[in-house]
$ cat structure_27.txt   # compact mmCIF, C-alpha atoms and all ligand atoms
# COMPACT_ATOMS: atom_id res chain seq x y z
CA MET A 4 26.36 42.98 -49.04
CA LEU A 5 29.75 44.00 -47.64
CA PRO A 6 30.00 47.42 -49.34
CA ALA A 7 26.76 48.34 -47.55
CA VAL A 8 28.29 47.59 -44.16
CA PRO A 9 29.17 50.77 -42.24
CA ARG A 10 32.88 51.63 -42.32
CA PRO A 11 33.35 51.57 -38.53
CA LEU A 12 32.02 48.01 -38.46
CA VAL A 13 34.30 46.99 -41.34
CA HIS A 14 37.21 48.53 -39.41
CA ARG A 15 36.34 46.64 -36.27
CA LEU A 16 35.76 43.28 -37.94
CA ALA A 17 38.89 43.57 -40.07
CA GLY A 18 41.16 44.65 -37.21
CA ARG A 19 42.85 41.25 -36.97
CA TYR A 20 43.99 41.43 -40.60
CA ILE A 21 45.87 44.71 -40.33
CA ALA A 22 48.92 45.51 -38.18
CA GLY A 23 47.78 49.08 -37.51
CA ALA A 24 48.10 52.57 -38.93
CA THR A 25 51.84 53.15 -38.55
CA ILE A 26 55.15 51.59 -39.42
CA ALA A 27 55.77 51.14 -35.68
CA ASP A 28 52.65 48.94 -35.56
CA ALA A 29 53.96 46.87 -38.47
CA CYS A 30 57.36 46.49 -36.80
CA ARG A 31 55.78 45.28 -33.58
CA VAL A 32 53.81 42.63 -35.44
CA VAL A 33 56.81 41.54 -37.52
CA GLU A 34 58.99 41.28 -34.41
CA ALA A 35 56.41 39.03 -32.79
CA LEU A 36 56.19 36.87 -35.93
CA ASN A 37 59.99 36.64 -36.19
CA GLY A 38 60.06 35.65 -32.53
CA ARG A 39 57.84 32.70 -33.41
CA GLY A 40 60.14 31.66 -36.26
CA GLN A 41 57.98 33.21 -38.99
CA LEU A 42 59.10 35.53 -41.80
CA ALA A 43 57.10 38.53 -42.98
CA THR A 44 56.39 40.70 -45.97
CA ILE A 45 55.16 44.23 -45.27
CA ASP A 46 52.50 45.92 -47.39
CA VAL A 47 51.85 49.66 -47.22
CA LEU A 48 48.10 49.90 -47.71
CA GLY A 49 46.81 51.97 -50.63
CA GLU A 50 45.59 51.14 -54.13
CA GLU A 51 43.97 52.75 -57.15
CA LEU A 52 45.27 56.17 -56.19
CA ALA A 53 43.91 59.30 -57.85
CA ARG A 54 47.00 61.56 -57.96
CA PRO A 55 50.62 60.97 -59.02
CA ASP A 56 51.86 62.54 -55.78
CA ASP A 57 49.93 59.99 -53.73
CA ALA A 58 51.68 57.20 -55.64
CA ARG A 59 55.06 58.87 -55.07
CA ALA A 60 54.24 59.13 -51.36
CA ILE A 61 53.53 55.40 -51.20
CA ALA A 62 56.85 54.68 -52.93
CA ALA A 63 58.60 56.90 -50.37
CA ALA A 64 56.81 55.07 -47.56
CA TYR A 65 58.14 51.77 -48.93
CA ARG A 66 61.69 53.12 -49.02
CA ASP A 67 61.27 54.10 -45.35
CA VAL A 68 59.95 50.64 -44.57
CA LEU A 69 63.04 49.08 -46.16
CA GLU A 70 65.28 51.34 -44.10
CA THR A 71 63.39 50.45 -40.92
CA ILE A 72 63.51 46.72 -41.64
CA GLU A 73 67.29 46.94 -41.89
CA ALA A 74 67.72 49.25 -38.89
CA ARG A 75 65.62 46.99 -36.65
CA GLY A 76 67.05 43.75 -37.99
CA LEU A 77 63.64 42.41 -39.00
CA ASP A 78 63.27 39.35 -41.19
CA SER A 79 60.86 40.83 -43.70
CA THR A 80 60.57 41.67 -47.37
CA VAL A 81 58.02 44.08 -48.87
CA SER A 82 55.00 43.50 -51.13
CA VAL A 83 53.78 46.27 -53.43
CA LYS A 84 50.62 46.80 -55.43
CA PRO A 85 51.18 48.34 -58.87
CA THR A 86 48.05 50.52 -58.57
CA ALA A 87 49.39 51.90 -55.28
CA LEU A 88 52.41 53.04 -57.26
CA GLY A 89 50.25 54.68 -59.93
CA LEU A 90 49.66 51.97 -62.55
CA ASN A 91 46.12 53.17 -63.20
CA LEU A 92 47.45 56.71 -63.76
CA ALA A 93 50.45 56.04 -66.01
CA TYR A 94 52.65 53.03 -66.66
CA ASP A 95 55.85 55.10 -66.54
CA LEU A 96 54.93 56.65 -63.19
CA CYS A 97 54.44 53.19 -61.73
CA ARG A 98 57.68 51.91 -63.30
CA GLU A 99 59.69 54.78 -61.81
CA ASN A 100 58.17 54.32 -58.37
CA LEU A 101 58.67 50.57 -58.45
CA LEU A 102 62.24 50.92 -59.65
CA SER A 103 63.05 53.28 -56.77
CA ILE A 104 61.78 50.67 -54.30
CA VAL A 105 63.60 47.78 -55.97
CA GLU A 106 66.86 49.78 -56.03
CA GLU A 107 66.45 50.71 -52.36
CA ALA A 108 65.78 47.07 -51.53
CA GLY A 109 68.84 46.04 -53.56
CA ARG A 110 71.05 48.40 -51.55
CA ARG A 111 69.74 46.80 -48.38
CA ALA A 112 69.88 43.19 -49.62
CA ASN A 113 66.12 42.96 -49.49
CA PHE A 114 63.44 41.70 -51.85
CA VAL A 115 60.32 43.17 -53.44
CA ARG A 116 57.24 41.13 -54.33
CA ILE A 117 54.91 42.68 -56.90
CA ASP A 118 51.37 41.72 -55.89
CA MET A 119 48.94 40.83 -58.68
CA GLU A 120 45.71 42.79 -58.85
CA ASP A 121 42.65 42.42 -61.08
CA ALA A 122 42.98 41.03 -64.60
CA THR A 123 43.03 44.44 -66.28
CA THR A 124 46.51 44.88 -64.75
CA THR A 125 48.03 41.44 -65.41
CA ASP A 126 49.82 42.22 -68.69
CA GLU A 127 51.31 45.46 -67.44
CA THR A 128 52.33 43.94 -64.13
CA LEU A 129 54.19 41.15 -65.92
CA ARG A 130 55.73 43.75 -68.22
CA LEU A 131 57.00 45.70 -65.20
CA TYR A 132 58.53 42.53 -63.83
CA ARG A 133 60.21 41.60 -67.11
CA GLU A 134 61.65 45.09 -67.48
CA LEU A 135 63.14 44.97 -64.02
CA ARG A 136 64.68 41.57 -64.68
CA ARG A 137 66.01 42.73 -68.02
CA GLN A 138 67.73 45.60 -66.18
CA GLY A 139 69.44 43.03 -63.97
CA HIS A 140 67.30 43.31 -60.82
CA GLY A 141 67.15 39.84 -59.34
CA ASN A 142 65.61 40.91 -56.02
CA VAL A 143 62.08 41.06 -57.33
CA GLY A 144 59.29 38.50 -57.61
CA ILE A 145 55.76 38.26 -58.93
CA VAL A 146 52.44 36.70 -58.07
CA LEU A 147 50.45 34.31 -60.26
CA GLN A 148 46.78 33.56 -59.66
CA ALA A 149 45.53 30.00 -60.03
CA TYR A 150 42.02 31.13 -60.96
CA LEU A 151 43.21 32.71 -64.21
CA ARG A 152 43.02 30.44 -67.24
CA ARG A 153 46.18 32.08 -68.63
CA THR A 154 48.39 31.19 -65.67
CA LEU A 155 49.92 27.97 -67.04
CA ASP A 156 50.83 29.86 -70.24
CA ASP A 157 52.34 32.65 -68.17
CA ILE A 158 54.44 30.10 -66.29
CA ASP A 159 55.66 28.77 -69.66
CA SER A 160 56.53 32.16 -71.04
CA LEU A 161 58.29 33.28 -67.84
CA ALA A 162 60.20 30.02 -67.36
CA ASP A 163 63.47 31.28 -68.88
CA LEU A 164 63.64 33.94 -66.13
CA ARG A 165 63.19 31.33 -63.37
CA PRO A 166 61.01 33.80 -61.50
CA ASN A 167 60.45 33.82 -57.77
CA VAL A 168 56.67 33.36 -57.71
CA ARG A 169 54.00 33.64 -55.06
CA LEU A 170 51.20 31.33 -56.14
CA CYS A 171 47.74 32.15 -54.80
CA LYS A 172 44.16 31.42 -55.82
CA GLY A 173 43.32 35.03 -56.74
CA ILE A 174 40.84 37.32 -55.00
CA TYR A 175 39.33 39.67 -57.60
CA VAL A 176 35.97 38.99 -59.25
CA GLU A 177 36.77 37.96 -62.84
CA PRO A 178 34.50 36.79 -65.69
CA GLU A 179 34.21 33.15 -66.62
CA GLU A 180 35.93 33.63 -70.01
CA ILE A 181 39.23 34.34 -68.29
CA ALA A 182 38.91 32.76 -64.85
CA PHE A 183 37.85 29.42 -63.41
CA GLN A 184 34.81 29.91 -61.21
CA GLY A 185 34.46 26.56 -59.47
CA TYR A 186 36.16 26.00 -56.11
CA GLU A 187 37.55 22.61 -57.16
CA GLU A 188 38.63 23.90 -60.58
CA VAL A 189 40.70 26.62 -58.93
CA ARG A 190 42.22 24.12 -56.51
CA ALA A 191 43.13 21.78 -59.40
CA ASN A 192 44.74 24.62 -61.34
CA PHE A 193 46.64 25.71 -58.23
CA LEU A 194 48.24 22.27 -58.02
CA ARG A 195 48.97 22.14 -61.76
CA ALA A 196 50.59 25.57 -61.53
CA LEU A 197 52.61 24.57 -58.47
CA GLU A 198 53.99 21.49 -60.23
CA ALA A 199 54.74 23.52 -63.39
CA LEU A 200 56.58 26.21 -61.41
CA LEU A 201 58.66 23.65 -59.55
CA ASP A 202 59.38 21.84 -62.85
CA SER A 203 60.79 25.13 -64.14
CA GLY A 204 63.08 25.40 -61.12
CA CYS A 205 61.25 28.37 -59.62
CA TYR A 206 61.29 29.32 -55.95
CA VAL A 207 57.60 29.24 -55.00
CA GLY A 208 55.73 30.93 -52.18
CA ILE A 209 52.75 28.63 -51.69
CA ALA A 210 50.21 31.24 -50.56
CA THR A 211 47.05 29.64 -49.26
CA HIS A 212 45.09 28.91 -46.09
CA ASP A 213 43.26 26.05 -47.77
CA GLU A 214 44.24 23.06 -45.67
CA ARG A 215 43.87 20.68 -48.60
CA LEU A 216 46.27 22.73 -50.72
CA VAL A 217 48.67 23.11 -47.82
CA ASP A 218 48.68 19.31 -47.41
CA GLU A 219 49.16 18.77 -51.14
CA GLY A 220 51.88 21.42 -51.20
CA ARG A 221 53.70 19.65 -48.39
CA ARG A 222 53.41 16.34 -50.23
CA ILE A 223 54.65 17.81 -53.51
CA VAL A 224 57.75 19.45 -52.04
CA GLY A 225 58.42 16.30 -50.00
CA ARG A 226 58.16 14.05 -53.05
CA ARG A 227 60.60 16.29 -54.89
CA GLY A 228 63.03 16.16 -51.97
CA LEU A 229 63.13 19.97 -51.67
CA GLY A 230 64.82 21.41 -48.60
CA PRO A 231 63.11 24.07 -46.49
CA GLU A 232 65.20 26.81 -48.16
CA GLU A 233 63.85 25.93 -51.61
CA TYR A 234 60.20 27.03 -51.18
CA GLU A 235 58.01 28.66 -48.56
CA PHE A 236 54.41 28.77 -47.44
CA GLN A 237 52.72 32.15 -47.16
CA MET A 238 49.64 33.32 -45.26
CA LEU A 239 47.87 36.57 -44.50
CA LEU A 240 48.06 38.20 -41.09
CA GLY A 241 45.21 37.09 -38.87
CA VAL A 242 44.19 34.04 -40.92
CA THR A 243 44.55 30.35 -39.92
CA GLU A 244 47.32 31.12 -37.45
CA ARG A 245 47.26 27.63 -36.00
CA LEU A 246 47.83 26.04 -39.39
CA GLY A 247 50.75 28.43 -39.93
CA ALA A 248 52.29 27.59 -36.58
CA ARG A 249 51.97 23.89 -37.37
CA LEU A 250 53.90 24.34 -40.62
CA VAL A 251 56.68 26.17 -38.79
CA GLY A 252 56.76 23.44 -36.14
CA GLU A 253 57.29 20.89 -38.90
CA GLY A 254 60.28 22.85 -40.22
CA HIS A 255 58.68 24.62 -43.21
CA ARG A 256 59.29 28.29 -43.84
CA LEU A 257 56.23 30.50 -43.41
CA ARG A 258 56.01 34.12 -44.51
CA VAL A 259 53.14 36.24 -43.21
CA TYR A 260 51.76 39.19 -45.19
CA VAL A 261 51.60 42.19 -42.85
CA PRO A 262 49.62 45.21 -44.14
CA PHE A 263 49.67 48.54 -42.35
CA GLY A 264 48.54 52.08 -43.07
CA GLU A 265 45.63 54.46 -43.11
CA GLN A 266 44.02 53.16 -46.30
CA TRP A 267 42.61 50.00 -44.81
CA TYR A 268 39.17 49.89 -46.43
CA ALA A 269 39.61 48.02 -49.75
CA TYR A 270 41.97 45.43 -48.23
CA SER A 271 39.61 44.90 -45.29
CA LEU A 272 36.63 44.28 -47.57
CA ARG A 273 38.55 41.59 -49.46
CA ARG A 274 39.52 39.81 -46.24
CA LEU A 275 36.01 39.95 -44.81
CA GLN A 276 34.63 38.63 -48.08
CA GLU A 277 36.78 35.51 -47.62
CA ASN A 278 36.02 34.89 -43.98
CA PRO A 279 33.44 32.09 -43.98
CA ARG A 280 31.98 33.36 -40.68
CA MET A 281 31.62 36.97 -41.73
CA ALA A 282 28.03 36.79 -42.99
CA GLY A 283 27.03 35.56 -39.53
CA TYR A 284 28.91 38.35 -37.71
CA ILE A 285 27.41 41.03 -39.94
CA ALA A 286 23.92 39.59 -39.72
CA ALA A 287 24.18 39.47 -35.92
CA ASP A 288 25.38 43.07 -35.80
CA THR A 289 22.70 44.26 -38.26
CA VAL A 290 19.92 42.47 -36.41
CA GLY A 291 21.36 43.95 -33.22
CA ARG A 292 21.05 47.44 -34.67
CA LEU A 293 17.61 46.90 -36.21
CA LEU A 294 16.12 45.35 -33.11
CA PRO A 295 17.16 47.59 -30.23
CA GLY A 296 17.77 45.72 -27.03
CA ARG A 297 18.83 42.46 -28.66
CA ASN A 298 22.50 43.20 -28.17
CA GLY A 299 22.14 45.18 -25.02
CA ARG A 300 21.74 48.55 -26.78
CA SER A 301 18.53 50.50 -26.78
P1 LIG B 401 40.07 29.83 -49.31
O1 LIG B 401 39.55 31.19 -49.61
O2 LIG B 401 39.29 28.68 -49.79
O3 LIG B 401 40.31 29.74 -47.77
C1 LIG B 401 40.65 28.53 -47.13
C2 LIG B 401 40.25 28.62 -45.68
O4 LIG B 401 41.05 29.63 -45.03
C3 LIG B 401 38.81 29.09 -45.45
O5 LIG B 401 37.92 28.02 -45.50
C4 LIG B 401 38.90 29.72 -44.09
O6 LIG B 401 38.90 28.73 -43.11
C5 LIG B 401 40.26 30.34 -44.10
N1 LIG B 401 40.22 31.76 -44.50
C6 LIG B 401 40.56 32.28 -45.70
N2 LIG B 401 40.45 33.62 -45.69
C7 LIG B 401 40.00 33.94 -44.47
C8 LIG B 401 39.68 35.17 -43.83
N3 LIG B 401 39.84 36.34 -44.45
N4 LIG B 401 39.27 35.13 -42.55
C9 LIG B 401 39.15 33.97 -41.89
N5 LIG B 401 39.42 32.77 -42.44
C10 LIG B 401 39.84 32.76 -43.70
N6 LIG B 401 45.37 37.44 -54.18
C11 LIG B 401 45.57 38.13 -55.33
O7 LIG B 401 44.68 38.15 -56.19
N7 LIG B 401 46.74 38.79 -55.53
C12 LIG B 401 47.75 38.78 -54.64
O8 LIG B 401 48.80 39.38 -54.87
C13 LIG B 401 47.56 38.05 -53.43
N8 LIG B 401 48.52 38.01 -52.46
C14 LIG B 401 48.38 37.13 -51.40
C15 LIG B 401 49.42 36.96 -50.49
C16 LIG B 401 49.34 35.99 -49.51
C17 LIG B 401 50.47 35.79 -48.57
C18 LIG B 401 48.15 35.19 -49.40
C19 LIG B 401 48.04 34.11 -48.39
C20 LIG B 401 47.09 35.42 -50.24
C21 LIG B 401 47.18 36.39 -51.24
N9 LIG B 401 46.13 36.64 -52.10
C22 LIG B 401 46.34 37.38 -53.24
C23 LIG B 401 44.77 36.17 -51.75
C24 LIG B 401 44.46 34.84 -52.37
O9 LIG B 401 44.32 34.98 -53.75
C25 LIG B 401 43.18 34.27 -51.80
O10 LIG B 401 42.14 35.13 -52.09
C26 LIG B 401 43.21 34.04 -50.32
O11 LIG B 401 44.44 33.54 -49.92
C27 LIG B 401 42.12 33.03 -49.93
O12 LIG B 401 42.31 31.84 -50.63
P2 LIG B 401 42.81 30.50 -49.92
O13 LIG B 401 43.78 29.84 -50.82
O14 LIG B 401 43.32 30.80 -48.58
O15 LIG B 401 41.52 29.59 -49.93
$ encode --input "structure_27.txt" --output "structure tokens" --more "lines below"
Ligand code: FDA
Amino acid sequence: MLPAVPRPLVHRLAGRYIAGATIADACRVVEALNGRGQLATIDVLGEELARPDDARAIAAAYRDVLETIEARGLDSTVSVKPTALGLNLAYDLCRENLLSIVEEAGRRANFVRIDMEDATTTDETLRLYRELRRQGHGNVGIVLQAYLRRTLDDIDSLADLRPNVRLCKGIYVEPEEIAFQGYEEVRANFLRALEALLDSGCYVGIATHDERLVDEGRRIVGRRGLGPEEYEFQMLLGVTERLGARLVGEGHRLRVYVPFGEQWYAYSLRRLQENPRMAGYIAADTVGRLLPGRNGRS
């Protein structure tokens, strides 16, 4: 029912997940996170763009972000979505845009994470990554999604590159033929993938708010005797902040995903869809609007 929810309500409910509209907003949030011993990765909002110039503008915005991160001494990388850089328009457009960001990051000793979007983009996203690595760019990482049945094979075929991988459950709606649907199945594959990545010597960003997976992740890195520099946990801005703070208090590294920008709608819908209390909030608001007077309005 979320797409039927009025945009202003989506904006209001999703406010906690987004740093704000401008780079200054993102910097303020990152500074606060860094002050609490947390790392960040900044995302310029925008995806599935319609015109090549929009994709080029997003790439330019990322280069500005990298400059600002350095100028302000922030501890933050960047995360990019291939469709924000034009993947759905033309592969080469996206490759050029991505390369310009990775080169800028390289000049500034920074790192670029390529987010993983829906399954129609997986092959091309991995191809972009491989091309960059083949060209000698080591400051780039990818994301693998535990809900995809192909993920263990992808880990195998990427192993020789020892990729820096963010492992997450996966957020897009995918058909059963290619993606596990059950909550426990996805959890089990997440842990299999985590072990396989660590077996291959990869640096892993364990990206989840699922307390069970966080606990298992902790146990797995502990059992392997990994130091805090050899992996990290990752969470989204505005989600399970207490759990994140606890990890930092225990000496683990935590990186928080900080999105900012004007194009907040698609990202907001995905976050609201995952918030277990959202149906209640929306129902309360809808009832409030349908039954004047119930929420003080008439
Ligand atoms: P799950 O959804 O089961 O959530 C566990 C618990 O966390 C919930 O029970 C709830 O308490 C809390 N929670 C989760 N989301 C919440 C919300 N929005 N509001 C309030 N509480 C919430 N996906 C993808 O397909 N491609 C990508 O590139 C990325 N990138 C990415 C980066 C980072 C840093 C993170 C943490 C996640 C992603 N994701 C992603 C999203 C990921 O695939 C997944 O959809 C979410 O992390 C939710 O899954 P969890 O593992 O947190 O479990």
$ atom_distance --input "structure_27.txt" --atom1 "CA of Pro9 (chain A)" --atom2 "CA of Glu277 (chain A)"
17.9 Å
$ residues_around --input "structure_27.txt" --residues "region 74-84 of chain A" --least-positions-apart "5" --cutoff "6 Å" --atoms "all atoms listed in the file" --output "number ranges by chain"
A: 42-46, 114-118
$ atom_distance --input "structure_27.txt" --atom1 "CA of Ala17 (chain A)" --atom2 "CA of Glu265 (chain A)"
13.2 Å
$ residues_near_ligand --input "structure_27.txt" --ligand "ligand LIG 401 (chain B)" --cutoff "7 Å" --atoms "only C-alpha atoms and all ligand atoms" --output "PyMOL selection string"
chain A and resi 118-121+146+148+171-175+210-214+237-239+242-243+259-260+274-279
$ residues_around --input "structure_27.txt" --residues "Ala63 (chain A)" --least-positions-apart "5" --cutoff "9 Å" --atoms "all atoms listed in the file" --output "MDAnalysis selection string"
chainID A and resid 58 68 100 103:104
$ closest_residue --input "structure_27.txt" --among "A:Arg59, A:His140, A:Arg165, A:Arg10" --to "Cys205 (chain A)" --atoms "only C-alpha atoms"
A:Arg165
$ residues_around --input "structure_27.txt" --residues "Leu164 (chain A)" --least-positions-apart "3" --cutoff "12 Å" --atoms "all atoms listed in the file" --output "JSON, numbers by chain"
{"A": [129, 132, 133, 134, 135, 136, 137, 139, 140, 141, 143, 144, 145, 157, 158, 159, 160, 161, 167, 168, 200, 203, 204, 205, 206]}
$ closest_residue --input "structure_27.txt" --among "A:Ala269, A:Leu12, A:Leu131, A:Val189" --to "Leu96 (chain A)" --atoms "only C-alpha atoms"
A:Leu131
$ residues_around --input "structure_27.txt" --residues "Gln184 (chain A)" --least-positions-apart "2" --cutoff "12 Å" --atoms "all atoms listed in the file" --output "VMD selection string"
chain A and resid 149 to 152 172 to 182 186 to 192
$ atom_distance --input "structure_27.txt" --atom1 "CA of Leu48 (chain A)" --atom2 "CA of Ala93 (chain A)"
19.4 Å
$ axis_aligned_box --input "structure_27.txt" --around "region 173-180 of chain A" --padding-each-side "3 Å" --output "lines of an AutoDock Vina configuration file"
center_x = 38.8
center_y = 36.4
center_z = -62.5
size_x = 15.1
size_y = 12.5
size_z = 21.0
$ closest_residue --input "structure_27.txt" --among "A:Leu197, A:Leu90, A:Leu257, A:Ala108" --to "Tyr65 (chain A)" --atoms "all atoms listed in the file"
A:Ala108
$ closest_residue --input "structure_27.txt" --among "A:Leu88, A:Leu201, A:Ala64, A:Leu229" --to "Ile26 (chain A)" --atoms "all atoms listed in the file"
A:Ala64
$ closest_residue --input "structure_27.txt" --among "A:Arg66, A:Gly185, A:Ser271, A:Asp202" --to "Ala162 (chain A)" --atoms "all atoms listed in the file"
A:Asp202
$ residues_near_point --input "structure_27.txt" --point "(43.0, 44.0, -38.9)" --cutoff "12 Å" --atoms "all atoms listed in the file" --output "ChimeraX atom specification"
/A:12-24,28-29,32,48,239-242,260-268,270-275
$ residues_around --input "structure_27.txt" --residues "region 247-256 of chain A" --least-positions-apart "6" --cutoff "7 Å" --atoms "only C-alpha atoms" --output "PyMOL selection string"
chain A and resi 40+231+235-236
$ closest_residue --input "structure_27.txt" --among "A:Arg227, A:Arg258, A:Leu102, A:Pro85" --to "Val33 (chain A)" --atoms "only C-alpha atoms"
A:Arg258
$ decode --input "structure_27.txt" --residues "region 196-204 of chain A" --atoms "all heavy atoms" --output "PDB file, in the first residue's frame"
ATOM      1  N   ALA A 196      27.169 -17.117   2.930  1.00  0.00           N
ATOM      2  CA  ALA A 196      27.926 -16.176   2.092  1.00  0.00           C
ATOM      3  C   ALA A 196      29.024 -15.489   2.914  1.00  0.00           C
ATOM      4  O   ALA A 196      30.146 -15.308   2.437  1.00  0.00           O
ATOM      5  CB  ALA A 196      26.980 -15.130   1.491  1.00  0.00           C
ATOM      6  N   LEU A 197      28.698 -15.132   4.146  1.00  0.00           N
ATOM      7  CA  LEU A 197      29.700 -14.478   4.995  1.00  0.00           C
ATOM      8  C   LEU A 197      30.910 -15.393   5.207  1.00  0.00           C
ATOM      9  O   LEU A 197      32.060 -14.977   5.055  1.00  0.00           O
ATOM     10  CB  LEU A 197      29.060 -14.080   6.336  1.00  0.00           C
ATOM     11  CG  LEU A 197      29.998 -13.455   7.368  1.00  0.00           C
ATOM     12  CD1 LEU A 197      30.705 -12.217   6.816  1.00  0.00           C
ATOM     13  CD2 LEU A 197      29.212 -13.080   8.640  1.00  0.00           C
ATOM     14  N   GLU A 198      30.628 -16.655   5.535  1.00  0.00           N
ATOM     15  CA  GLU A 198      31.740 -17.607   5.739  1.00  0.00           C
ATOM     16  C   GLU A 198      32.547 -17.756   4.442  1.00  0.00           C
ATOM     17  O   GLU A 198      33.778 -17.777   4.462  1.00  0.00           O
ATOM     18  CB  GLU A 198      31.196 -18.987   6.157  1.00  0.00           C
ATOM     19  CG  GLU A 198      30.431 -18.994   7.486  1.00  0.00           C
ATOM     20  CD  GLU A 198      31.321 -19.227   8.714  1.00  0.00           C
ATOM     21  OE1 GLU A 198      32.547 -19.038   8.608  1.00  0.00           O
ATOM     22  OE2 GLU A 198      30.755 -19.579   9.777  1.00  0.00           O
ATOM     23  N   ALA A 199      31.837 -17.865   3.307  1.00  0.00           N
ATOM     24  CA  ALA A 199      32.539 -18.079   2.027  1.00  0.00           C
ATOM     25  C   ALA A 199      33.415 -16.867   1.684  1.00  0.00           C
ATOM     26  O   ALA A 199      34.539 -17.026   1.197  1.00  0.00           O
ATOM     27  CB  ALA A 199      31.520 -18.337   0.914  1.00  0.00           C
ATOM     28  N   LEU A 200      32.901 -15.668   1.938  1.00  0.00           N
ATOM     29  CA  LEU A 200      33.692 -14.468   1.649  1.00  0.00           C
ATOM     30  C   LEU A 200      34.937 -14.417   2.532  1.00  0.00           C
ATOM     31  O   LEU A 200      36.046 -14.126   2.060  1.00  0.00           O
ATOM     32  CB  LEU A 200      32.843 -13.210   1.874  1.00  0.00           C
ATOM     33  CG  LEU A 200      31.767 -12.938   0.823  1.00  0.00           C
ATOM     34  CD1 LEU A 200      30.766 -11.888   1.307  1.00  0.00           C
ATOM     35  CD2 LEU A 200      32.406 -12.483  -0.499  1.00  0.00           C
ATOM     36  N   LEU A 201      34.756 -14.722   3.812  1.00  0.00           N
ATOM     37  CA  LEU A 201      35.909 -14.684   4.715  1.00  0.00           C
ATOM     38  C   LEU A 201      36.901 -15.795   4.362  1.00  0.00           C
ATOM     39  O   LEU A 201      38.115 -15.594   4.419  1.00  0.00           O
ATOM     40  CB  LEU A 201      35.451 -14.780   6.177  1.00  0.00           C
ATOM     41  CG  LEU A 201      34.612 -13.584   6.670  1.00  0.00           C
ATOM     42  CD1 LEU A 201      34.058 -13.841   8.070  1.00  0.00           C
ATOM     43  CD2 LEU A 201      35.435 -12.288   6.661  1.00  0.00           C
ATOM     44  N   ASP A 202      36.390 -16.963   3.945  1.00  0.00           N
ATOM     45  CA  ASP A 202      37.281 -18.047   3.487  1.00  0.00           C
ATOM     46  C   ASP A 202      38.143 -17.578   2.318  1.00  0.00           C
ATOM     47  O   ASP A 202      39.278 -18.011   2.173  1.00  0.00           O
ATOM     48  CB  ASP A 202      36.471 -19.267   3.001  1.00  0.00           C
ATOM     49  CG  ASP A 202      35.895 -20.075   4.161  1.00  0.00           C
ATOM     50  OD1 ASP A 202      36.340 -19.848   5.319  1.00  0.00           O
ATOM     51  OD2 ASP A 202      35.009 -20.915   3.913  1.00  0.00           O
ATOM     52  N   SER A 203      37.553 -16.717   1.461  1.00  0.00           N
ATOM     53  CA  SER A 203      38.308 -16.244   0.292  1.00  0.00           C
ATOM     54  C   SER A 203      39.229 -15.083   0.638  1.00  0.00           C
ATOM     55  O   SER A 203      39.839 -14.493  -0.256  1.00  0.00           O
ATOM     56  CB  SER A 203      37.364 -15.748  -0.812  1.00  0.00           C
ATOM     57  OG  SER A 203      36.364 -16.666  -1.070  1.00  0.00           O
ATOM     58  N   GLY A 204      39.262 -14.690   1.899  1.00  0.00           N
ATOM     59  CA  GLY A 204      40.162 -13.605   2.303  1.00  0.00           C
ATOM     60  C   GLY A 204      39.621 -12.230   1.979  1.00  0.00           C
ATOM     61  O   GLY A 204      40.373 -11.254   1.907  1.00  0.00           O
TER      62      GLY A 204
END
